[in-house]
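J.: My structure is in work.cif, and what it holds is mmCIF, C-alpha atoms:
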```
data_final
loop_
_atom_site.label_atom_id
_atom_site.label_comp_id
_atom_site.auth_asym_id
_atom_site.auth_seq_id
_atom_site.Cartn_x
_atom_site.Cartn_y
_atom_site.Cartn_z
CA MET A 1 -75.46 134.16 -53.55
CA THR A 2 -74.52 134.53 -49.87
CA SER A 3 -76.54 132.33 -47.50
CA VAL A 4 -77.56 133.95 -44.21
CA ALA A 5 -79.01 132.62 -40.94
CA VAL A 6 -80.74 134.97 -38.52
CA VAL A 7 -80.99 134.39 -34.77
CA CYS A 8 -83.75 136.60 -33.39
CA GLU A 9 -86.49 135.92 -30.83
CA TRP A 10 -88.75 138.86 -31.79
CA PRO A 11 -91.11 138.05 -34.72
CA LEU A 12 -91.60 141.67 -35.74
CA LEU A 13 -87.86 142.28 -35.87
CA GLN A 14 -87.44 139.03 -37.81
CA LEU A 15 -89.82 140.42 -40.41
CA GLY A 16 -87.85 143.66 -40.71
CA ILE A 17 -84.53 141.82 -41.11
CA ALA A 18 -86.08 139.46 -43.67
CA GLN A 19 -87.33 142.38 -45.75
CA ALA A 20 -83.95 144.14 -45.55
CA ILE A 21 -82.08 141.05 -46.77
CA ASP A 22 -84.58 139.59 -49.24
CA ILE A 23 -84.55 142.71 -51.42
CA GLN A 24 -80.82 142.16 -52.04
CA PRO A 25 -80.26 140.04 -55.17
CA ASP A 26 -77.07 138.45 -53.83
CA LEU A 27 -78.25 137.62 -50.29
CA HIS A 28 -80.56 134.80 -49.22
CA ILE A 29 -81.89 133.87 -45.77
CA THR A 30 -81.83 130.11 -45.32
CA THR A 31 -82.68 129.88 -41.61
CA PHE A 32 -84.53 131.82 -38.90
CA THR A 33 -84.17 130.60 -35.30
CA LYS A 34 -85.02 132.07 -31.92
CA SER A 35 -81.81 130.96 -30.20
CA VAL A 36 -78.23 129.90 -30.87
CA ASN A 37 -78.98 126.45 -29.47
CA ASP A 38 -81.82 126.03 -31.97
CA LEU A 39 -79.47 127.00 -34.78
CA LEU A 40 -76.78 124.55 -33.70
CA CYS A 41 -79.36 121.74 -33.53
CA GLU A 42 -80.06 122.16 -37.24
CA ALA A 43 -77.80 121.19 -40.16
CA ASN A 44 -76.85 124.60 -41.52
CA ASP A 45 -74.51 125.36 -44.37
CA VAL A 46 -74.59 129.13 -44.03
CA GLU A 47 -71.92 131.72 -44.69
CA VAL A 48 -73.01 134.46 -42.28
CA ILE A 49 -75.06 134.48 -39.06
CA VAL A 50 -76.83 137.67 -37.96
CA LEU A 51 -77.18 137.46 -34.17
CA THR A 52 -79.54 140.03 -32.63
CA SER A 53 -79.12 141.24 -29.06
CA LEU A 54 -81.54 144.07 -28.39
CA ARG A 55 -81.66 143.86 -24.60
CA MET A 56 -79.16 145.87 -22.61
CA PHE A 57 -75.90 144.05 -23.14
CA ASP A 58 -74.77 141.23 -20.91
CA GLN A 59 -72.04 138.60 -20.99
CA ALA A 60 -74.36 136.06 -22.61
CA THR A 61 -74.11 137.64 -26.06
CA SER A 62 -70.32 137.37 -26.23
CA GLU A 63 -70.59 133.78 -24.99
CA GLN A 64 -73.02 133.01 -27.82
CA VAL A 65 -70.61 134.58 -30.30
CA ALA A 66 -67.77 132.43 -28.94
CA GLN A 67 -69.96 129.33 -29.24
CA LEU A 68 -70.73 130.07 -32.89
CA HIS A 69 -67.14 131.06 -33.68
CA GLN A 70 -65.86 127.76 -32.26
CA GLN A 71 -68.23 125.97 -34.63
CA GLY A 72 -66.66 127.82 -37.57
CA TYR A 73 -69.47 130.31 -38.21
CA THR A 74 -69.00 133.94 -39.32
CA VAL A 75 -71.05 136.18 -37.00
CA ILE A 76 -72.45 139.71 -37.16
CA VAL A 77 -73.95 141.06 -33.92
CA VAL A 78 -76.80 143.56 -34.12
CA SER A 79 -76.91 145.04 -30.62
CA ALA A 80 -78.87 147.57 -28.61
CA SER A 81 -75.58 148.66 -27.09
CA GLU A 82 -73.22 151.12 -28.72
CA ALA A 83 -70.68 150.90 -25.88
CA GLN A 84 -67.13 150.18 -26.99
CA SER A 85 -66.66 147.71 -24.13
CA ASP A 86 -69.58 145.58 -25.33
CA ALA A 87 -68.32 145.61 -28.90
CA VAL A 88 -64.85 144.61 -27.72
CA LEU A 89 -66.24 141.61 -25.83
CA CYS A 90 -68.02 140.37 -28.96
CA ILE A 91 -65.06 140.97 -31.25
CA ARG A 92 -62.68 139.16 -28.94
CA ALA A 93 -65.18 136.29 -28.83
CA GLY A 94 -64.97 136.05 -32.62
CA ALA A 95 -67.56 138.41 -34.12
CA ARG A 96 -66.60 139.64 -37.61
CA GLY A 97 -69.22 142.39 -37.54
CA TYR A 98 -70.91 144.58 -34.93
CA LEU A 99 -73.83 146.91 -35.66
CA SER A 100 -75.91 149.13 -33.40
CA ARG A 101 -79.70 149.48 -33.26
CA GLN A 102 -79.29 152.57 -35.49
CA THR A 103 -78.28 150.32 -38.41
CA ASP A 104 -80.40 150.62 -41.56
CA ASP A 105 -81.09 148.03 -44.24
CA SER A 106 -78.32 149.28 -46.52
CA GLU A 107 -75.64 149.03 -43.82
CA LEU A 108 -76.81 145.56 -42.79
CA ALA A 109 -76.46 144.34 -46.39
CA THR A 110 -73.02 145.95 -46.66
CA ALA A 111 -71.90 144.31 -43.41
CA ILE A 112 -73.05 140.87 -44.59
CA ARG A 113 -71.21 141.22 -47.91
CA THR A 114 -68.08 142.47 -46.15
CA VAL A 115 -67.79 139.65 -43.62
CA ALA A 116 -68.71 137.06 -46.25
CA SER A 117 -65.66 138.21 -48.20
CA GLY A 118 -63.42 137.49 -45.20
CA ARG A 119 -63.13 141.04 -43.84
CA SER A 120 -64.57 142.70 -40.73
CA TYR A 121 -67.29 145.36 -40.54
CA PHE A 122 -68.11 147.57 -37.58
CA GLY A 123 -70.85 150.19 -37.57
CA ALA A 124 -70.32 153.92 -37.95
CA SER A 125 -70.99 154.53 -34.24
CA LEU A 126 -67.79 152.57 -33.47
CA ALA A 127 -65.57 154.30 -36.02
CA GLY A 128 -62.22 155.48 -34.65
CA LYS A 129 -62.64 153.77 -31.27
CA GLY A 130 -59.58 151.52 -31.52
CA LEU A 131 -61.38 148.19 -31.66
CA PRO A 132 -59.32 144.99 -31.46
CA ILE A 133 -58.68 142.82 -34.51
CA ALA A 134 -61.21 140.02 -34.83
CA PRO A 135 -59.86 136.46 -34.60
CA PRO A 136 -59.26 134.85 -38.01
CA HIS A 137 -62.11 132.91 -39.58
CA ILE A 138 -61.24 129.22 -39.69
CA THR A 139 -63.04 126.94 -42.15
CA SER A 140 -64.44 123.55 -41.18
CA ARG A 141 -61.61 121.77 -43.05
CA GLU A 142 -58.99 123.94 -41.35
CA ARG A 143 -60.56 123.07 -38.00
CA GLU A 144 -60.25 119.37 -38.77
CA ILE A 145 -56.59 119.83 -39.65
CA LEU A 146 -55.93 121.86 -36.50
CA GLN A 147 -57.54 119.16 -34.37
CA LEU A 148 -55.35 116.50 -35.97
CA ILE A 149 -52.21 118.61 -35.58
CA ALA A 150 -53.06 119.08 -31.90
CA SER A 151 -53.36 115.30 -31.55
CA GLY A 152 -49.82 114.91 -32.94
CA ALA A 153 -50.67 113.67 -36.46
CA THR A 154 -48.13 114.09 -39.27
CA ASP A 155 -49.01 115.65 -42.61
CA ARG A 156 -49.25 112.18 -44.16
CA GLU A 157 -51.51 110.94 -41.36
CA ILE A 158 -53.74 114.01 -41.76
CA ALA A 159 -54.01 113.37 -45.50
CA THR A 160 -54.97 109.74 -44.90
CA LYS A 161 -57.47 110.58 -42.16
CA LEU A 162 -59.23 113.26 -44.26
CA ASN A 163 -58.85 111.43 -47.59
CA ILE A 164 -56.97 114.30 -49.22
CA THR A 165 -53.46 114.64 -50.67
CA GLU A 166 -50.46 115.83 -48.70
CA ASN A 167 -50.21 118.80 -51.08
CA THR A 168 -53.74 119.78 -50.08
CA VAL A 169 -52.75 119.52 -46.42
CA HIS A 170 -49.77 121.79 -47.12
CA THR A 171 -52.05 124.32 -48.84
CA HIS A 172 -54.34 124.44 -45.81
CA LEU A 173 -51.34 124.83 -43.51
CA GLU A 174 -50.08 127.74 -45.60
CA ARG A 175 -53.47 129.44 -45.29
CA LEU A 176 -53.57 128.82 -41.55
CA GLY A 177 -50.06 130.23 -41.29
CA ARG A 178 -51.10 133.42 -43.08
CA LYS A 179 -54.17 133.81 -40.87
CA HIS A 180 -52.41 133.05 -37.60
CA GLY A 181 -48.95 134.40 -38.37
CA SER A 182 -47.13 131.10 -37.90
CA ARG A 183 -47.06 127.59 -39.39
CA ARG A 184 -45.17 126.07 -36.45
CA ARG A 185 -47.02 123.08 -35.06
CA ALA A 186 -46.70 124.33 -31.49
CA ASP A 187 -48.36 127.63 -32.49
CA LEU A 188 -51.13 125.86 -34.42
CA THR A 189 -51.75 123.57 -31.44
CA ARG A 190 -52.05 126.68 -29.27
CA LEU A 191 -54.54 128.10 -31.79
CA ALA A 192 -56.58 124.88 -31.58
CA LEU A 193 -56.62 125.21 -27.79
CA GLU A 194 -57.66 128.89 -27.92
CA CYS A 195 -60.51 128.02 -30.30
CA GLY A 196 -61.78 125.25 -28.02
CA MET A 197 -61.00 122.45 -30.48
CA LEU A 198 -59.05 120.05 -28.29
CA GLU A 199 -61.94 118.98 -26.08
CA LYS A 200 -64.09 118.34 -29.14
CA TYR A 201 -61.42 116.21 -30.78
CA SER A 202 -60.63 114.17 -27.69
CA GLY A 203 -64.29 113.35 -27.26
CA GLU A 204 -64.77 111.97 -30.78
#
```
Now, as a test, write the supplied structure out as structure tokens.
T.:
Amino acid sequence: MTSVAVVCEWPLLQLGIAQAIDIQPDLHITTFTKSVNDLLCEANDVEVIVLTSLRMFDQATSEQVAQLHQQGYTVIVVSASEAQSDAVLCIRAGARGYLSRQTDDSELATAIRTVASGRSYFGASLAGKGLPIAPPHITSREREILQLIASGATDREIATKLNITENTVHTHLERLGRKHGSRRRADLTRLALECGMLEKYSGE
């Protein structure tokens, strides 16, 4: 069962999305909120967030995507805009999926399943438009390890801090290396910086 949160400020649209998802036996909505800030104020253990943006596109949507991506969430944007430039902004901000207002219930369910499996899904209206590759999804544990690497911690210190074995640390580093293309500490520190993790760590 894939858990889904929906960010949508229009009650009628919320109802339509709920009906589209609830009829799927393997999908379950755990949270409805009207804003990203409301979602982040709650304790949510969700796998996929459906973020609706049905006004004409502006920079705020990509900023919301970046905010959620930095918190480790997997995001699908359902947008009024079908412009490639708007889709690119969201994808570069970390969106794993991007759907237009023409999306039907079947495609929404397919997109949720696809991004939950670790892949990306972009609607038919964007097919063949040369979209960029979405940033890799980083789990909450991987984020903790990246933050500690950026602070200069050794593998042993990371294991002690997180109460896990060094072998487990090495496994996470291998996965990060496959996602990012490098296991070098300098490159992983750069990844932590790009994902906005250093400020969060230094403030803890």
J.: What does the distance between CA of Leu146 in chain A and CA of Ser120 in chain A come to in Å, to one decimal place?
T.: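 Between these atoms lies a distance of 23.0 Å.
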J.: Which polymer residues have any atom within 8 Å of an atom of Ala150 in chain A, counting all atoms listed in the file, with same-chain residues fewer than 4 positions away left out, as number ranges by chain?
T.: A: 146, 185, 188-189, 192, 198
J.: Between CA of Arg141 in chain A and CA of His69 in chain A, what distance in Å does the model show, to one decimal?
T.: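 Answer for the CA of Arg141 in chain A to CA of His69 in chain A separation: 14.3 Å.
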J.: Which residues are near Leu54 in chain A? Cut-off 10 Å, all atoms listed in the file, ignore same chain within fewer than 4 positions. Put them as a PyMOL selection string.
T.: chain A and resi 8-10+13+77-81+100-101
J.: Env of Ser106 in chain A: 9 Å cut, atoms = only C-alpha atoms, seq-sep filter 4 positions within chain, self excluded. Answer as a list of chain:residue names.
T.: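 Answer for this query is A:Ala20, A:Thr110, A:Ala111.
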J.: Find, counting only C-alpha atoms, the residue in A:Asp105, A:Gln67, A:Val7, A:Leu173 that gets nearest to Arg143 in chain A.
T.: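 Using only C-alpha atoms, the shortest distance to Arg143 in chain A belongs to A:Leu173.
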J.: Select, from A:Leu39, A:Ile149, A:Glu107, A:Thr30, the residue with the minimum atom-to-atom distance to Ala186 in chain A, counting all atoms listed in the file.
T.: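 Smallest separation from Ala186 in chain A among the options: A:Ile149.
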J.: Of the candidates A:Ser182, A:Ala5, A:Val115, A:Pro11, which one gets nearest to Glu42 in chain A if we count all atoms listed in the file?
T.: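 Under the stated criterion, the closest residue is A:Ala5.
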J.: Pick the closest to Leu40 in chain A from A:Gln71, A:Thr154, A:Thr103, A:Thr2: which is it, counting all atoms listed in the file?
T.: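 Among the listed residues, A:Gln71 lies closest to Leu40 in chain A.
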J.: Measuring atom to atom with all atoms listed in the file, identify which of A:Glu157, A:Glu166, A:Asp38, A:Glu47 is nearest to Gly118 in chain A.
T.: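 Distance minimum relative to Gly118 in chain A lands on A:Glu47.
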J.: Pick out the closest residue to Asp26 in chain A from this set: A:Ser3, A:Thr165, A:Gln14, A:Thr61. Count only C-alpha atoms.
T.: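 Once distances to Asp26 in chain A are computed over only C-alpha atoms, the minimum belongs to A:Ser3.
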J.: Could you tell me which residues the PyMOL selection byres ((chain A and resi 89) around 10) returns for this structure, as number ranges by chain?
T.: A: 58-59, 61-63, 65-66, 84-88, 90-95, 132
J.: Keeping only C-alpha atoms, take the residues you just selected and write them out as a PDB file, in the frame of the given file.
T.:
```pdb
ATOM      1  CA  ASP A  58     -74.770 141.230 -20.910  1.00  0.00           C
ATOM      2  CA  GLN A  59     -72.040 138.600 -20.990  1.00  0.00           C
ATOM      3  CA  THR A  61     -74.110 137.640 -26.060  1.00  0.00           C
ATOM      4  CA  SER A  62     -70.320 137.370 -26.230  1.00  0.00           C
ATOM      5  CA  GLU A  63     -70.590 133.780 -24.990  1.00  0.00           C
ATOM      6  CA  VAL A  65     -70.610 134.580 -30.300  1.00  0.00           C
ATOM      7  CA  ALA A  66     -67.770 132.430 -28.940  1.00  0.00           C
ATOM      8  CA  GLN A  84     -67.130 150.180 -26.990  1.00  0.00           C
ATOM      9  CA  SER A  85     -66.660 147.710 -24.130  1.00  0.00           C
ATOM     10  CA  ASP A  86     -69.580 145.580 -25.330  1.00  0.00           C
ATOM     11  CA  ALA A  87     -68.320 145.610 -28.900  1.00  0.00           C
ATOM     12  CA  VAL A  88     -64.850 144.610 -27.720  1.00  0.00           C
ATOM     13  CA  CYS A  90     -68.020 140.370 -28.960  1.00  0.00           C
ATOM     14  CA  ILE A  91     -65.060 140.970 -31.250  1.00  0.00           C
ATOM     15  CA  ARG A  92     -62.680 139.160 -28.940  1.00  0.00           C
ATOM     16  CA  ALA A  93     -65.180 136.290 -28.830  1.00  0.00           C
ATOM     17  CA  GLY A  94     -64.970 136.050 -32.620  1.00  0.00           C
ATOM     18  CA  ALA A  95     -67.560 138.410 -34.120  1.00  0.00           C
ATOM     19  CA  PRO A 132     -59.320 144.990 -31.460  1.00  0.00           C
TER      20      PRO A 132
END
```
J.: Quick one, how far is CA of Arg184 in chain A from CA of Arg96 in chain A?
T.: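 Spanning CA of Arg184 in chain A to CA of Arg96 in chain A is a straight-line distance of 25.4 Å.
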